[in-house]
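Structure data follow from input.csv (CSV, C-alpha atoms):
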```csv
chain,number,residue,atom,x,y,z
A,15,MET,CA,90.5,68.5,66.4
A,16,THR,CA,87.8,67.8,69.0
A,17,LEU,CA,88.7,68.1,72.6
A,18,GLU,CA,86.6,66.8,75.5
A,19,PHE,CA,87.5,67.5,79.2
A,20,GLN,CA,86.0,68.8,82.4
A,21,LEU,CA,86.5,72.4,83.2
A,22,ASN,CA,85.6,73.4,86.8
A,23,GLY,CA,83.4,70.4,87.1
A,24,LYS,CA,81.5,70.9,83.8
A,25,MET,CA,82.1,68.8,80.7
A,26,VAL,CA,83.4,70.8,77.7
A,27,ARG,CA,83.5,69.7,74.1
A,28,THR,CA,85.2,72.1,71.8
A,29,GLU,CA,87.2,72.3,68.6
A,30,ILE,CA,90.9,73.4,68.9
A,31,GLN,CA,93.9,73.7,66.7
A,32,ALA,CA,96.8,71.3,67.3
A,33,ASP,CA,99.0,74.1,68.6
A,34,THR,CA,96.4,75.7,71.0
A,35,LEU,CA,97.8,76.4,74.4
A,36,LEU,CA,95.8,75.5,77.5
A,37,LEU,CA,96.1,79.1,78.6
A,38,ASP,CA,94.4,80.4,75.5
A,39,LEU,CA,91.7,77.7,75.6
A,40,VAL,CA,90.6,78.3,79.2
A,41,ARG,CA,90.6,82.1,78.7
A,42,SER,CA,88.4,81.6,75.6
A,43,LEU,CA,86.0,79.6,77.8
A,44,GLY,CA,85.7,82.5,80.2
A,45,CYS,CA,88.3,81.7,82.8
A,46,PHE,CA,89.9,85.1,83.1
A,47,SER,CA,91.6,84.3,86.4
A,48,VAL,CA,94.3,82.6,84.3
A,49,LYS,CA,96.7,85.3,83.3
A,50,ARG,CA,99.2,85.6,80.5
A,51,GLY,CA,102.5,86.7,82.0
A,52,CYS,CA,106.0,85.7,80.8
A,53,GLY,CA,104.9,83.1,78.3
A,54,THR,CA,108.0,81.0,79.3
A,55,ALA,CA,106.7,79.1,82.3
A,56,ASN,CA,108.6,81.2,84.8
A,57,CYS,CA,106.1,83.5,86.5
A,58,GLY,CA,103.2,81.3,87.7
A,59,LEU,CA,100.4,83.7,86.5
A,60,CYS,CA,98.9,81.0,84.3
A,61,THR,CA,98.7,78.3,86.9
A,62,VAL,CA,95.7,75.9,86.6
A,63,MET,CA,95.2,72.4,88.1
A,64,VAL,CA,95.1,69.4,85.9
A,65,GLU,CA,93.9,66.3,87.7
A,66,GLY,CA,94.5,68.2,91.0
A,67,LYS,CA,98.2,69.2,90.3
A,68,PRO,CA,99.3,72.7,89.5
A,69,VAL,CA,100.6,73.2,85.9
A,70,LEU,CA,101.7,76.3,84.0
A,71,SER,CA,99.0,76.5,81.2
A,72,CYS,CA,101.3,78.7,79.0
A,73,SER,CA,103.5,75.7,78.4
A,74,VAL,CA,100.9,72.9,78.0
A,75,LEU,CA,99.1,72.1,74.7
A,76,ALA,CA,95.3,72.0,75.2
A,77,ALA,CA,95.2,68.6,73.6
A,78,ARG,CA,97.1,67.2,76.6
A,79,VAL,CA,93.9,67.6,78.8
A,80,GLN,CA,91.8,65.3,76.6
A,81,GLY,CA,89.6,63.4,79.1
A,82,LYS,CA,91.1,65.1,82.1
A,83,ASN,CA,89.8,67.5,84.8
A,84,VAL,CA,91.0,71.1,84.7
A,85,THR,CA,90.4,73.5,87.5
A,86,THR,CA,90.9,77.3,87.5
A,87,LEU,CA,90.4,79.7,90.3
A,88,GLU,CA,86.8,80.1,89.1
A,89,GLY,CA,86.2,76.5,90.2
A,90,LEU,CA,87.7,77.1,93.7
A,91,GLN,CA,85.9,80.2,94.8
A,92,GLU,CA,85.3,79.3,98.5
A,93,GLU,CA,88.9,78.2,99.1
A,94,ALA,CA,90.3,81.1,97.1
A,95,GLU,CA,88.2,83.7,99.0
A,96,GLU,CA,89.4,82.3,102.3
A,97,ALA,CA,93.1,82.2,101.3
A,98,GLY,CA,92.7,85.6,99.6
A,99,ARG,CA,91.6,87.2,102.9
A,100,PHE,CA,94.8,86.1,104.6
A,101,LEU,CA,96.8,87.5,101.7
A,102,ALA,CA,95.0,90.8,101.9
A,103,GLN,CA,95.3,91.0,105.7
A,104,GLU,CA,99.1,90.7,105.4
A,105,GLY,CA,99.3,93.2,102.5
A,106,GLY,CA,100.5,90.6,100.1
A,107,GLU,CA,98.0,91.2,97.3
A,108,GLN,CA,99.1,94.7,96.2
A,109,CYS,CA,97.8,95.1,92.6
A,110,GLY,CA,96.4,91.5,92.6
A,111,TYR,CA,97.6,90.6,89.1
A,112,CYS,CA,99.6,87.6,90.4
A,113,SER,CA,97.1,86.6,93.0
A,114,PRO,CA,95.1,84.0,91.1
A,115,GLY,CA,98.2,82.0,90.1
A,116,PHE,CA,99.6,82.4,93.6
A,117,LEU,CA,96.3,81.2,95.2
A,118,MET,CA,96.1,78.2,92.9
A,119,ASN,CA,99.5,77.1,94.2
A,120,VAL,CA,98.7,77.8,97.8
A,121,ILE,CA,95.5,75.7,97.5
A,122,ALA,CA,97.5,72.9,95.7
A,123,MET,CA,100.2,73.1,98.4
A,124,GLU,CA,97.6,72.7,101.2
A,125,ARG,CA,96.2,69.7,99.5
A,126,GLU,CA,99.5,68.1,98.8
A,127,LEU,CA,101.8,68.8,101.7
A,128,VAL,CA,101.3,67.9,105.4
A,129,ASN,CA,102.7,70.4,107.9
A,130,PRO,CA,105.1,72.2,105.5
A,131,GLY,CA,107.9,74.1,107.0
A,132,GLU,CA,108.9,77.6,105.9
A,133,GLU,CA,111.5,76.2,103.5
A,134,GLU,CA,109.0,73.8,101.9
A,135,ILE,CA,106.5,76.7,101.5
A,136,LYS,CA,109.2,78.8,99.8
A,137,GLU,CA,110.2,76.0,97.5
A,138,TYR,CA,106.6,75.2,96.6
A,139,LEU,CA,105.9,78.8,95.7
A,140,ALA,CA,109.3,79.7,94.1
A,141,GLY,CA,107.8,79.9,90.6
A,142,ASN,CA,105.3,82.7,91.5
A,143,LEU,CA,106.6,86.1,90.7
A,144,CYS,CA,105.2,89.2,92.3
A,145,ARG,CA,106.5,92.6,91.2
A,146,CYS,CA,104.8,94.8,93.8
A,147,SER,CA,104.6,93.1,97.2
A,148,GLY,CA,107.5,91.7,99.2
A,149,TYR,CA,107.5,88.0,99.5
A,150,MET,CA,107.6,88.3,103.4
A,151,SER,CA,103.9,89.4,103.5
A,152,GLN,CA,102.9,86.6,101.2
A,153,LEU,CA,104.9,84.1,103.3
A,154,ARG,CA,103.2,85.3,106.5
A,155,ALA,CA,99.8,85.1,104.8
A,156,VAL,CA,100.4,81.5,103.7
A,157,GLU,CA,101.6,80.4,107.2
A,158,LYS,CA,98.6,82.0,108.8
A,159,TYR,CA,96.3,80.4,106.2
A,160,LEU,CA,97.8,77.0,106.8
A,161,ASN,CA,97.5,77.5,110.6
A,162,ARG,CA,93.9,78.8,110.5
A,163,LYS,CA,92.3,75.6,111.9
A,164,GLY,CA,94.7,75.5,114.8
A,165,GLU,CA,96.5,72.5,113.4
A,166,ARG,CA,100.3,72.1,113.9
A,167,ARG,CA,101.7,73.4,110.6
A,168,CYS,CA,104.7,75.2,109.2
A,169,GLY,CA,107.3,73.6,111.5
A,170,GLN,CA,105.6,74.8,114.7
A,171,GLU,CA,106.5,72.8,117.8
A,172,ASP,CA,103.8,70.6,119.3
A,173,ALA,CA,103.6,71.3,123.1
A,174,SER,CA,101.7,68.0,123.7
A,175,MET,CA,104.7,66.1,122.3
A,176,GLY,CA,107.1,67.7,124.8
A,177,ARG,CA,109.0,69.6,122.2
```
Go ahead and express the file in the form of structure tokens.
Amino acid sequence: MTLEFQLNGKMVRTEIQADTLLLDLVRSLGCFSVKRGCGTANCGLCTVMVEGKPVLSCSVLAARVQGKNVTTLEGLQEEAEEAGRFLAQEGGEQCGYCSPGFLMNVIAMERELVNPGEEEIKEYLAGNLCRCSGYMSQLRAVEKYLNRKGERRCGQEDASMGR
């Protein structure tokens, strides 16, 4: 079947089998930031954005993105590099295998949530497994990333409101 969609801002037209997974398709198109991990939609390594929302590409048929916009980390280089610096500074990247999926979710979270608290951050990132760092360094990195512009985020008190 013929599939047409946008990948990282570029129109793609390709032939796929009806059972082709989105993970396999984007990797075949050179988006190697999308990793194969558990294959059961539990680890977050295969996260991509479809229409701006994070999805686990190992559990989505490629045919479902017909006419849609798909973004991988390759399409978010500037944001990913900035978020990645915070992750590295806190020692949360370790081997780096899980980092692309993790960064995709951090970027999506920043776009979706306003001033998330620690519990909201943990809940949003709960599907991202990392086998070699502790989650505390990743949490610190995300909080610092979200606070980088000096905005009130992550449940911090706003002194100007008398709190």
### Task
Find the residue from A:Lys67, A:Arg99, A:Arg50, A:Arg145 that sits nearest to Glu124 (chain A); use all atoms listed in the file when measuring.
A:Lys67
### Spatial neighbours of region 133-138 of chain A, 9 Å, only C-alpha atoms, chain gap at least 6 places, as a PyMOL selection string
chain A and resi 119-120+123+127+153+156-157+168
### Query
Neighbours of Val64 (chain A) within 9 Å (all atoms listed in the file; same-chain residues fewer than 4 positions away dropped), as a PyMOL selection string?
chain A and resi 68-69+79+82-85
Dump of C-alpha atoms for the selected residues, as a tab-separated table (two decimals), in the coordinates of the input:
```tsv
chain	number	residue	atom	x	y	z
A	68	PRO	CA	99.30	72.70	89.50
A	69	VAL	CA	100.60	73.20	85.90
A	79	VAL	CA	93.90	67.60	78.80
A	82	LYS	CA	91.10	65.10	82.10
A	83	ASN	CA	89.80	67.50	84.80
A	84	VAL	CA	91.00	71.10	84.70
A	85	THR	CA	90.40	73.50	87.50
```
#### Entry: Which of A:Cys60, A:Leu17, A:Cys72, A:Leu160 sits closest to Ala97 (chain A) [using only C-alpha atoms]
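Closest to Ala97 (chain A) of all the choices is A:Leu160.
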### Query
Nearest to Ser113 (chain A) among A:Gly89, A:Gly53, A:Gly23, A:Gly58, with distances taken over all atoms listed in the file: which residue is it?
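Of all the options, A:Gly58 lies closest to Ser113 (chain A).
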### Query
If you measure from CA of Met25 (chain A) to CA of Glu96 (chain A), what distance in Å do you get, rounded to one decimal?
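Between these atoms lies a distance of 26.5 Å.
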### Query
Closest to Ser47 (chain A) among A:Leu87, A:Ala94, A:Cys109, A:Ala32, using all atoms listed in the file?
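Ranked by minimum distance to Ser47 (chain A), first place goes to A:Leu87.
Nearest to Glu104 (chain A) of all the residues A:Cys45, A:Leu36, A:Leu70, A:Met150 is A:Met150, counting all atoms listed in the file.
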